[in-house]
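Text of work07.txt, listed as compact mmCIF, C-alpha atoms:
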```
# COMPACT_ATOMS: atom_id res chain seq x y z
CA MET I 23 19.20 0.95 20.41
CA PRO I 24 19.62 3.94 18.07
CA GLU I 25 17.28 3.79 15.10
CA LEU I 26 20.07 4.10 12.55
CA ILE I 27 21.61 0.74 13.47
CA ILE I 28 18.37 -1.23 13.60
CA PRO I 29 18.79 -4.19 11.22
CA MET I 30 16.68 -4.19 8.08
CA ARG I 31 14.26 -6.84 9.30
CA GLY I 32 11.38 -5.69 7.11
CA PRO I 33 11.72 -8.35 4.37
CA ASP I 34 11.75 -11.08 7.03
CA TYR I 35 8.42 -9.84 8.39
CA LEU I 36 6.89 -9.85 4.91
CA ARG I 37 8.15 -13.38 4.31
CA GLU I 38 6.72 -14.56 7.61
CA GLY I 39 3.46 -12.80 6.83
CA TRP I 40 3.19 -14.80 3.61
CA ASN I 41 3.64 -18.02 5.60
CA ARG I 42 1.03 -16.97 8.16
CA ILE I 43 -1.79 -16.24 5.72
CA ARG I 44 -1.57 -19.78 4.36
CA GLN I 45 -2.48 -21.26 7.72
CA PRO I 46 -5.97 -22.74 8.27
CA GLY I 47 -8.70 -20.49 9.62
CA LEU I 48 -7.77 -17.33 7.73
CA LYS I 49 -9.19 -18.04 4.29
CA ARG I 50 -12.42 -16.11 4.86
CA PHE I 51 -10.38 -12.93 5.31
CA LEU I 52 -8.46 -13.61 2.09
CA VAL I 53 -10.90 -14.98 -0.49
CA ILE I 54 -13.39 -12.10 -0.61
CA PRO I 55 -10.73 -9.32 -0.71
CA LEU I 56 -8.89 -11.32 -3.37
CA ILE I 57 -12.00 -11.53 -5.56
CA LEU I 58 -12.85 -7.85 -5.01
CA ASN I 59 -9.29 -6.71 -5.71
CA LEU I 60 -9.08 -8.84 -8.85
CA GLY I 61 -12.20 -7.14 -10.18
CA ILE I 62 -10.79 -3.70 -9.31
CA PHE I 63 -7.47 -4.57 -10.93
CA ILE I 64 -9.07 -5.69 -14.20
CA ALA I 65 -11.32 -2.60 -14.29
CA LEU I 66 -8.42 -0.20 -13.68
CA ILE I 67 -6.19 -1.88 -16.26
CA SER I 68 -8.96 -1.70 -18.85
CA TRP I 69 -9.59 1.96 -18.03
CA GLY I 70 -5.88 2.78 -18.08
CA VAL I 71 -5.30 1.16 -21.49
CA THR I 72 -8.34 2.95 -22.95
CA GLN I 73 -7.30 6.34 -21.58
CA PHE I 74 -3.72 5.85 -22.71
CA ASN I 75 -4.76 5.04 -26.28
CA LEU I 76 -7.14 8.04 -26.39
CA LEU I 77 -4.48 10.36 -25.02
CA MET I 78 -1.88 9.20 -27.53
CA ALA I 79 -4.37 9.47 -30.42
CA GLN I 80 -5.35 13.02 -29.45
CA LEU I 81 -1.76 14.10 -28.99
CA MET I 82 -0.46 12.62 -32.23
CA GLY I 83 -3.47 14.00 -34.10
CA SER I 84 -2.53 17.52 -33.03
CA LEU I 85 1.07 17.27 -34.26
CA PRO I 86 2.27 17.80 -37.82
CA GLU I 87 2.99 14.66 -39.81
CA TRP I 88 6.74 15.23 -39.88
CA MET I 89 6.80 14.97 -36.06
CA ALA I 90 5.38 11.44 -36.05
CA PHE I 91 8.72 10.16 -34.73
CA ILE I 92 7.99 11.84 -31.39
CA GLU I 93 5.47 9.08 -30.63
CA TRP I 94 8.38 6.75 -29.87
CA LEU I 95 9.71 9.27 -27.38
CA LEU I 96 6.39 10.02 -25.68
CA TRP I 97 5.11 6.47 -25.46
CA PRO I 98 7.45 5.35 -22.62
CA LEU I 99 6.88 8.59 -20.70
CA PHE I 100 3.09 8.41 -20.88
CA ALA I 101 3.13 4.70 -20.15
CA LEU I 102 5.13 5.38 -16.99
CA VAL I 103 2.67 8.08 -15.89
CA VAL I 104 -0.28 5.74 -16.49
CA LEU I 105 1.44 2.97 -14.53
CA VAL I 106 2.07 5.31 -11.58
CA VAL I 107 -1.56 6.45 -11.60
CA LEU I 108 -2.78 2.86 -11.82
CA PHE I 109 -0.44 1.78 -9.02
CA PHE I 110 -1.59 4.43 -6.57
CA GLY I 111 -5.19 4.20 -7.76
CA PHE I 112 -5.29 0.45 -7.24
CA SER I 113 -3.66 0.75 -3.81
CA VAL I 114 -6.19 3.36 -2.68
CA VAL I 115 -9.34 1.69 -4.01
CA ALA I 116 -8.35 -1.87 -3.15
CA ASN I 117 -7.36 -1.06 0.42
CA LEU I 118 -10.44 1.10 0.89
CA ILE I 119 -12.80 -1.71 -0.11
CA ALA I 120 -10.90 -4.54 1.59
CA SER I 121 -10.09 -2.62 4.81
CA PRO I 122 -12.71 -4.36 7.03
CA PHE I 123 -11.42 -7.79 6.01
CA TYR I 124 -7.79 -6.77 6.42
CA GLY I 125 -8.56 -5.31 9.82
CA PHE I 126 -9.93 -8.65 10.99
CA LEU I 127 -7.03 -10.51 9.35
CA ALA I 128 -4.61 -8.34 11.34
CA GLU I 129 -6.63 -9.01 14.50
CA LYS I 130 -6.47 -12.79 14.01
CA ILE I 131 -2.73 -12.69 13.35
CA ALA I 132 -2.29 -10.55 16.48
CA GLU I 133 -4.31 -13.01 18.56
CA GLN I 134 -2.11 -15.87 17.36
CA GLU I 135 1.03 -13.93 18.17
CA ARG I 136 -0.22 -12.87 21.62
CA GLY I 137 -1.66 -16.26 22.48
CA LEU I 138 -5.24 -14.98 22.73
CA VAL I 139 -8.45 -16.70 21.70
CA SER I 140 -11.63 -14.93 20.60
CA PRO I 141 -15.01 -16.14 19.31
CA PRO I 142 -15.18 -16.92 15.57
CA THR I 143 -15.69 -13.83 13.42
CA GLY I 144 -18.66 -13.84 11.03
CA TYR I 145 -19.60 -11.58 8.17
CA LYS I 146 -22.02 -9.71 10.43
CA GLU I 147 -19.12 -8.59 12.64
CA ILE I 148 -17.17 -7.53 9.55
CA LEU I 149 -20.05 -5.39 8.30
CA LEU I 150 -20.34 -3.67 11.68
CA VAL I 151 -16.77 -2.34 11.49
CA VAL I 152 -17.09 -1.04 7.92
CA PRO I 153 -17.72 2.62 8.94
CA ARG I 154 -14.72 2.70 11.28
CA SER I 155 -12.46 0.97 8.74
CA LEU I 156 -13.46 3.34 5.95
CA GLY I 157 -12.90 6.34 8.23
CA ARG I 158 -9.37 5.18 9.03
CA GLU I 159 -8.62 4.59 5.34
CA LEU I 160 -9.83 8.08 4.48
CA ARG I 161 -7.54 9.43 7.19
CA LYS I 162 -4.59 7.76 5.49
CA ILE I 163 -5.65 9.13 2.11
CA SER I 164 -5.82 12.65 3.56
CA TYR I 165 -2.25 12.18 4.82
CA TYR I 166 -0.56 11.03 1.64
CA LEU I 167 -2.62 12.44 -1.23
CA PRO I 168 -1.48 16.09 -0.81
CA ARG I 169 2.12 14.94 -0.45
CA LEU I 170 1.84 12.69 -3.50
CA ILE I 171 0.37 15.49 -5.64
CA GLY I 172 3.10 17.87 -4.48
CA LEU I 173 5.85 15.42 -5.41
CA LEU I 174 4.26 14.67 -8.79
CA LEU I 175 4.12 18.40 -9.59
CA LEU I 176 7.78 18.78 -8.62
CA THR I 177 8.75 16.03 -11.08
CA LEU I 178 7.50 18.30 -13.89
CA ILE I 179 10.10 20.97 -13.05
CA PRO I 180 13.48 20.52 -14.81
CA VAL I 181 16.47 20.02 -12.49
CA VAL I 182 14.17 19.87 -9.45
CA ASN I 183 12.88 16.54 -10.74
CA LEU I 184 16.35 15.09 -10.24
CA VAL I 185 15.61 15.26 -6.51
CA SER I 186 11.83 14.90 -6.50
CA SER I 187 11.79 11.66 -8.51
CA PRO I 188 13.82 9.69 -5.93
CA LEU I 189 11.73 11.32 -3.19
CA LEU I 190 8.57 10.12 -4.94
CA LEU I 191 9.90 6.56 -4.86
CA LEU I 192 10.93 6.90 -1.21
CA PHE I 193 7.55 8.28 -0.28
CA GLY I 194 5.82 5.39 -2.03
CA VAL I 195 7.91 2.92 -0.02
CA TRP I 196 7.10 4.80 3.20
CA MET I 197 3.39 4.77 2.44
CA MET I 198 3.39 1.01 1.92
CA ALA I 199 4.65 0.62 5.48
CA VAL I 200 2.19 3.18 6.83
CA GLN I 201 -0.73 1.60 4.98
CA TYR I 202 -0.29 -1.88 6.39
CA VAL I 203 1.10 -1.21 9.87
CA ASP I 204 -1.95 0.94 10.51
CA TYR I 205 -4.38 -2.00 10.43
CA GLN I 206 -3.20 -3.44 13.74
CA ALA I 207 -2.44 0.00 15.15
CA ASP I 208 -6.12 0.79 14.61
CA ASN I 209 -7.13 -2.52 16.22
CA ASP I 210 -5.02 -1.56 19.25
CA GLN I 211 -6.81 1.81 19.32
CA VAL I 212 -3.63 3.75 18.62
CA SER I 213 -4.36 7.00 16.82
CA PHE I 214 -3.01 7.56 13.33
CA ILE I 215 -0.80 10.40 14.56
CA ASP I 216 0.69 8.27 17.35
CA MET I 217 1.27 5.43 14.91
CA LEU I 218 3.13 7.80 12.56
CA ARG I 219 5.21 9.11 15.45
CA TRP I 220 6.18 5.56 16.39
CA MET I 221 7.13 4.72 12.79
CA ARG I 222 9.20 7.88 12.34
CA GLY I 223 11.34 6.68 15.21
CA ARG I 224 11.97 3.46 13.26
CA ARG I 225 12.35 4.68 9.70
CA THR I 226 14.94 2.07 8.73
CA LEU I 227 12.68 -0.74 9.86
CA ALA I 228 9.60 0.81 8.22
CA LEU I 229 11.33 1.47 4.89
CA SER I 230 12.91 -1.99 4.81
CA PHE I 231 9.41 -3.42 5.16
CA GLY I 232 7.79 -1.05 2.68
CA LEU I 233 10.43 -1.60 -0.02
CA PRO I 234 9.59 -5.23 -0.94
CA VAL I 235 5.89 -4.46 -0.56
CA TYR I 236 6.23 -1.52 -2.97
CA PHE I 237 7.96 -3.54 -5.66
CA GLY I 238 5.65 -6.51 -5.12
CA MET I 239 2.68 -4.21 -5.67
CA LEU I 240 4.07 -3.22 -9.07
CA ILE I 241 3.79 -6.79 -10.39
CA PRO I 242 0.33 -7.55 -11.83
CA LEU I 243 -1.54 -10.37 -10.04
CA VAL I 244 1.36 -10.85 -7.63
CA ASN I 245 0.18 -7.64 -5.96
CA LEU I 246 -3.09 -9.38 -5.03
CA LEU I 247 -1.12 -11.82 -2.85
CA VAL I 248 1.33 -9.21 -1.56
CA MET I 249 -1.49 -7.23 0.08
CA PRO I 250 -2.67 -9.87 2.63
CA ALA I 251 0.94 -10.96 3.21
CA ALA I 252 1.79 -7.32 3.99
CA VAL I 253 -1.13 -7.12 6.44
CA ALA I 254 0.08 -10.21 8.29
CA GLY I 255 3.75 -9.22 8.18
CA SER I 256 3.13 -5.67 9.36
CA THR I 257 1.00 -6.99 12.22
CA LEU I 258 3.91 -9.15 13.39
CA LEU I 259 6.25 -6.16 13.01
CA TRP I 260 3.95 -3.93 15.09
CA ILE I 261 3.55 -6.45 17.90
CA ARG I 262 7.18 -7.58 18.16
CA GLU I 263 8.81 -4.18 17.72
CA ARG I 264 6.33 -2.44 20.00
CA PRO I 265 5.73 -4.80 22.93
CA GLN I 266 4.29 -2.12 25.21
CA PRO I 267 1.38 0.24 24.46
CA LEU I 268 2.18 3.85 23.78
CA PRO I 269 1.88 6.09 26.88
```

Now, as a test, write the supplied structure out as structure tokens.
Amino acid sequence: MPELIIPMRGPDYLREGWNRIRQPGLKRFLVIPLILNLGIFIALISWGVTQFNLLMAQLMGSLPEWMAFIEWLLWPLFALVVLVVLFFGFSVVANLIASPFYGFLAEKIAEQERGLVSPPTGYKEILLVVPRSLGRELRKISYYLPRLIGLLLLTLIPVVNLVSSPLLLLFGVWMMAVQYVDYQADNDQVSFIDMLRWMRGRRTLALSFGLPVYFGMLIPLVNLLVMPAAVAGSTLLWIRERPQPLP
């Protein structure tokens, strides 16, 4: 079936992922990442608010008094920039720290879907995969960070930003799909490059999955629940849409 006419099944996978993570036996892979991510979220919000206030104070202090009205114009712009930085910062740090747990969550979902049974997973097994999980997360960061910086710089150029701003949004949606599909791809020992190649052949499916994840991640506290649901949903997407291993 040509990729362009593949139905937008992504939201259905995310919805099913949410239902899966509420099943018994998966709580150990949810509670610790949830606590860790909540701490990261609070720390980043506190840092972001502090930096925003300092930046606004410094900027307004350098302007003449008659230009005080400009604060009302700059406030929304700076707030948007801070929100974007916090969004990507939270995604990077939270996924980096929680990656071993999410990797095992994806594995358990995959076993359920494939009808397999494995011995119970303990915290010792989770600790043993930390180096591999962190290495894979760093590989993802090396993929999207240069592209993100390039798009952010383009948004500063008048006229060009009319195109780069929508591209920045599209890239964020794409990266949400890449981020979460990669957990089970890694479990199946599929290289990051091969996983990207597979996803590029199914852009409509990938973007339709990444879109609700992206907007869910923008909602404070809701994003903490979206993350494990996205892990489970992307695992189902990977297994059902790719029934056979890559050659």

Exercise. What does the distance from atom CA of I:Trp220 to atom CA of I:Tyr202 come to in Å, to one decimal?
Worked result: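 Between atom CA of I:Trp220 and atom CA of I:Tyr202 the gap is 14.0 Å.
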
Problem set entry | Between atom CA of I:Leu191 and atom CA of I:Val253, distance in Å (one decimal) | 20.9 Å

Problem set entry | Polymer residues at most 9 Å from I:Leu170, all atoms listed in the file, same-chain spacing of 3 or more positions, as a ChimeraX atom specification | /I:166-167,173-175,190,193-194

For stretch 150-163 of chain I, please output as a tab-separated table (two decimals) with C-alpha atoms, in the frame of the given file all residues within 7 Å (counting all atoms listed in the file; exclusion window: fewer than 5 positions along the same chain).
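What follows is the written file out_34.tsv:
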```
chain	number	residue	atom	x	y	z
I	118	LEU	CA	-10.44	1.10	0.89
I	121	SER	CA	-10.09	-2.62	4.81
I	122	PRO	CA	-12.71	-4.36	7.03
```

Counting only C-alpha atoms, which residues of stretch 237-262 of chain I sit at most 12 Å from some atom of stretch 56-75 of chain I, and what is each one's closest atom pair with its distance in Å to one decimal, listed by chain and rising residue number, as CSV?
```
residue,atom,partner,partner_atom,distance
I:Met239,CA,I:Phe63,CA,11.4
I:Leu240,CA,I:Phe63,CA,11.8
I:Ile241,CA,I:Phe63,CA,11.5
I:Pro242,CA,I:Phe63,CA,8.4
I:Leu243,CA,I:Leu60,CA,7.8
I:Val244,CA,I:Leu60,CA,10.7
I:Asn245,CA,I:Asn59,CA,9.5
I:Leu246,CA,I:Leu56,CA,6.3
I:Leu247,CA,I:Leu56,CA,7.8
I:Val248,CA,I:Leu56,CA,10.6
I:Met249,CA,I:Leu56,CA,9.1
I:Pro250,CA,I:Leu56,CA,8.8
I:Ala251,CA,I:Leu56,CA,11.8
```

For this session: Give the answer as one residue: which of I:Met221, I:Val114, I:Ala252, I:Leu229 has the shortest atom-to-atom distance to I:Arg264, using only C-alpha atoms?
Result: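 Closest candidate: I:Met221.
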
Problem set entry | Nearest residue to I:Gly47 from the set I:Phe231, I:Phe112, I:Phe126, I:Tyr165 (distances using all atoms listed in the file) |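 Nearest to I:Gly47: I:Phe126.
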
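Compared by their closest atoms to I:Leu233, and using only C-alpha atoms, the residues I:Arg44, I:Tyr124, I:Leu192, I:Glu38 rank with I:Leu192 nearest.
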
For this session: Counting only C-alpha atoms, figure out which residue out of I:Val181, I:Val53, I:Ala116, I:Val195 gets nearest to I:Phe237.
Result: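 Selected residue with least distance to I:Phe237: I:Val195.
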
Problem set entry | Exercise: I:Val203 partners within 9 Å, all atoms listed in the file, chain neighbours under 4 positions left out, as a VMD selection string | chain I and resid 198 to 199 207 to 208 217 221 228 252 to 253 255 to 257 259 to 260

Write the residues you've just listed into a file as a compact mmCIF listing (two decimals), in the coordinates of the input, and include C-alpha atoms for each of them.
```
# COMPACT_ATOMS: atom_id res chain seq x y z
CA MET I 198 3.39 1.01 1.92
CA ALA I 199 4.65 0.62 5.48
CA ALA I 207 -2.44 0.00 15.15
CA ASP I 208 -6.12 0.79 14.61
CA MET I 217 1.27 5.43 14.91
CA MET I 221 7.13 4.72 12.79
CA ALA I 228 9.60 0.81 8.22
CA ALA I 252 1.79 -7.32 3.99
CA VAL I 253 -1.13 -7.12 6.44
CA GLY I 255 3.75 -9.22 8.18
CA SER I 256 3.13 -5.67 9.36
CA THR I 257 1.00 -6.99 12.22
CA LEU I 259 6.25 -6.16 13.01
CA TRP I 260 3.95 -3.93 15.09
```

As a PDB file, in the frame of the given file, the rebuilt stretch 212-223 of chain I with all heavy atoms:
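Once written, out.pdb looks like this:
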```
ATOM      1  N   VAL I 212      -4.690   2.745  18.666  1.00  0.00           N
ATOM      2  CA  VAL I 212      -3.630   3.750  18.620  1.00  0.00           C
ATOM      3  C   VAL I 212      -3.986   4.728  17.506  1.00  0.00           C
ATOM      4  O   VAL I 212      -4.291   4.318  16.383  1.00  0.00           O
ATOM      5  CB  VAL I 212      -2.255   3.101  18.334  1.00  0.00           C
ATOM      6  CG1 VAL I 212      -1.177   4.171  18.156  1.00  0.00           C
ATOM      7  CG2 VAL I 212      -1.884   2.149  19.461  1.00  0.00           C
ATOM      8  N   SER I 213      -3.973   5.999  17.804  1.00  0.00           N
ATOM      9  CA  SER I 213      -4.360   7.000  16.820  1.00  0.00           C
ATOM     10  C   SER I 213      -3.387   7.003  15.641  1.00  0.00           C
ATOM     11  O   SER I 213      -2.229   6.564  15.753  1.00  0.00           O
ATOM     12  CB  SER I 213      -4.395   8.396  17.449  1.00  0.00           C
ATOM     13  OG  SER I 213      -3.085   8.849  17.720  1.00  0.00           O
ATOM     14  N   PHE I 214      -3.856   7.507  14.516  1.00  0.00           N
ATOM     15  CA  PHE I 214      -3.010   7.560  13.330  1.00  0.00           C
ATOM     16  C   PHE I 214      -1.775   8.417  13.575  1.00  0.00           C
ATOM     17  O   PHE I 214      -0.670   8.066  13.148  1.00  0.00           O
ATOM     18  CB  PHE I 214      -3.822   8.123  12.156  1.00  0.00           C
ATOM     19  CG  PHE I 214      -3.081   8.125  10.851  1.00  0.00           C
ATOM     20  CD1 PHE I 214      -2.828   6.939  10.174  1.00  0.00           C
ATOM     21  CD2 PHE I 214      -2.635   9.314  10.288  1.00  0.00           C
ATOM     22  CE1 PHE I 214      -2.138   6.938   8.960  1.00  0.00           C
ATOM     23  CE2 PHE I 214      -1.952   9.323   9.086  1.00  0.00           C
ATOM     24  CZ  PHE I 214      -1.713   8.143   8.421  1.00  0.00           C
ATOM     25  N   ILE I 215      -1.928   9.517  14.265  1.00  0.00           N
ATOM     26  CA  ILE I 215      -0.800  10.400  14.560  1.00  0.00           C
ATOM     27  C   ILE I 215       0.232   9.698  15.444  1.00  0.00           C
ATOM     28  O   ILE I 215       1.445   9.791  15.211  1.00  0.00           O
ATOM     29  CB  ILE I 215      -1.283  11.703  15.242  1.00  0.00           C
ATOM     30  CG1 ILE I 215      -2.177  12.497  14.284  1.00  0.00           C
ATOM     31  CG2 ILE I 215      -0.094  12.547  15.685  1.00  0.00           C
ATOM     32  CD1 ILE I 215      -1.499  12.917  13.004  1.00  0.00           C
ATOM     33  N   ASP I 216      -0.239   8.981  16.465  1.00  0.00           N
ATOM     34  CA  ASP I 216       0.690   8.270  17.350  1.00  0.00           C
ATOM     35  C   ASP I 216       1.385   7.131  16.603  1.00  0.00           C
ATOM     36  O   ASP I 216       2.561   6.853  16.845  1.00  0.00           O
ATOM     37  CB  ASP I 216      -0.054   7.712  18.565  1.00  0.00           C
ATOM     38  CG  ASP I 216      -0.385   8.785  19.580  1.00  0.00           C
ATOM     39  OD1 ASP I 216       0.275   9.843  19.552  1.00  0.00           O
ATOM     40  OD2 ASP I 216      -1.298   8.572  20.400  1.00  0.00           O
ATOM     41  N   MET I 217       0.662   6.478  15.716  1.00  0.00           N
ATOM     42  CA  MET I 217       1.270   5.430  14.910  1.00  0.00           C
ATOM     43  C   MET I 217       2.365   5.996  14.017  1.00  0.00           C
ATOM     44  O   MET I 217       3.457   5.424  13.901  1.00  0.00           O
ATOM     45  CB  MET I 217       0.196   4.736  14.070  1.00  0.00           C
ATOM     46  CG  MET I 217       0.672   3.521  13.272  1.00  0.00           C
ATOM     47  SD  MET I 217       1.343   3.927  11.642  1.00  0.00           S
ATOM     48  CE  MET I 217      -0.091   4.646  10.842  1.00  0.00           C
ATOM     49  N   LEU I 218       2.116   7.153  13.391  1.00  0.00           N
ATOM     50  CA  LEU I 218       3.130   7.800  12.560  1.00  0.00           C
ATOM     51  C   LEU I 218       4.350   8.193  13.381  1.00  0.00           C
ATOM     52  O   LEU I 218       5.493   8.023  12.946  1.00  0.00           O
ATOM     53  CB  LEU I 218       2.544   9.044  11.890  1.00  0.00           C
ATOM     54  CG  LEU I 218       1.670   8.857  10.656  1.00  0.00           C
ATOM     55  CD1 LEU I 218       1.161  10.203  10.175  1.00  0.00           C
ATOM     56  CD2 LEU I 218       2.431   8.139   9.546  1.00  0.00           C
ATOM     57  N   ARG I 219       4.104   8.705  14.580  1.00  0.00           N
ATOM     58  CA  ARG I 219       5.210   9.110  15.450  1.00  0.00           C
ATOM     59  C   ARG I 219       6.086   7.899  15.789  1.00  0.00           C
ATOM     60  O   ARG I 219       7.310   7.983  15.795  1.00  0.00           O
ATOM     61  CB  ARG I 219       4.654   9.749  16.722  1.00  0.00           C
ATOM     62  CG  ARG I 219       5.739  10.335  17.637  1.00  0.00           C
ATOM     63  CD  ARG I 219       5.145  10.960  18.882  1.00  0.00           C
ATOM     64  NE  ARG I 219       4.228  12.055  18.547  1.00  0.00           N
ATOM     65  CZ  ARG I 219       2.920  12.041  18.801  1.00  0.00           C
ATOM     66  NH1 ARG I 219       2.362  10.992  19.390  1.00  0.00           N
ATOM     67  NH2 ARG I 219       2.167  13.072  18.476  1.00  0.00           N
ATOM     68  N   TRP I 220       5.442   6.785  16.069  1.00  0.00           N
ATOM     69  CA  TRP I 220       6.180   5.560  16.390  1.00  0.00           C
ATOM     70  C   TRP I 220       7.008   5.096  15.193  1.00  0.00           C
ATOM     71  O   TRP I 220       8.170   4.720  15.336  1.00  0.00           O
ATOM     72  CB  TRP I 220       5.191   4.465  16.802  1.00  0.00           C
ATOM     73  CG  TRP I 220       5.844   3.170  17.178  1.00  0.00           C
ATOM     74  CD1 TRP I 220       6.370   2.841  18.388  1.00  0.00           C
ATOM     75  CD2 TRP I 220       6.049   2.031  16.325  1.00  0.00           C
ATOM     76  NE1 TRP I 220       6.880   1.567  18.344  1.00  0.00           N
ATOM     77  CE2 TRP I 220       6.699   1.048  17.088  1.00  0.00           C
ATOM     78  CE3 TRP I 220       5.728   1.758  14.989  1.00  0.00           C
ATOM     79  CZ2 TRP I 220       7.043  -0.195  16.566  1.00  0.00           C
ATOM     80  CZ3 TRP I 220       6.079   0.511  14.467  1.00  0.00           C
ATOM     81  CH2 TRP I 220       6.727  -0.436  15.253  1.00  0.00           C
ATOM     82  N   MET I 221       6.424   5.168  13.983  1.00  0.00           N
ATOM     83  CA  MET I 221       7.130   4.720  12.790  1.00  0.00           C
ATOM     84  C   MET I 221       8.283   5.649  12.420  1.00  0.00           C
ATOM     85  O   MET I 221       9.318   5.198  11.928  1.00  0.00           O
ATOM     86  CB  MET I 221       6.150   4.603  11.620  1.00  0.00           C
ATOM     87  CG  MET I 221       5.160   3.457  11.755  1.00  0.00           C
ATOM     88  SD  MET I 221       4.131   3.254  10.280  1.00  0.00           S
ATOM     89  CE  MET I 221       5.355   2.820   9.048  1.00  0.00           C
ATOM     90  N   ARG I 222       8.118   6.939  12.662  1.00  0.00           N
ATOM     91  CA  ARG I 222       9.200   7.880  12.340  1.00  0.00           C
ATOM     92  C   ARG I 222      10.427   7.603  13.197  1.00  0.00           C
ATOM     93  O   ARG I 222      11.543   7.920  12.794  1.00  0.00           O
ATOM     94  CB  ARG I 222       8.720   9.313  12.557  1.00  0.00           C
ATOM     95  CG  ARG I 222       7.726   9.798  11.493  1.00  0.00           C
ATOM     96  CD  ARG I 222       7.357  11.243  11.710  1.00  0.00           C
ATOM     97  NE  ARG I 222       6.312  11.672  10.778  1.00  0.00           N
ATOM     98  CZ  ARG I 222       5.135  12.147  11.134  1.00  0.00           C
ATOM     99  NH1 ARG I 222       4.824  12.277  12.426  1.00  0.00           N
ATOM    100  NH2 ARG I 222       4.250  12.507  10.225  1.00  0.00           N
ATOM    101  N   GLY I 223      10.216   7.048  14.370  1.00  0.00           N
ATOM    102  CA  GLY I 223      11.340   6.680  15.210  1.00  0.00           C
ATOM    103  C   GLY I 223      12.016   5.394  14.770  1.00  0.00           C
ATOM    104  O   GLY I 223      13.042   4.998  15.337  1.00  0.00           O
TER     105      GLY I 223
END
```
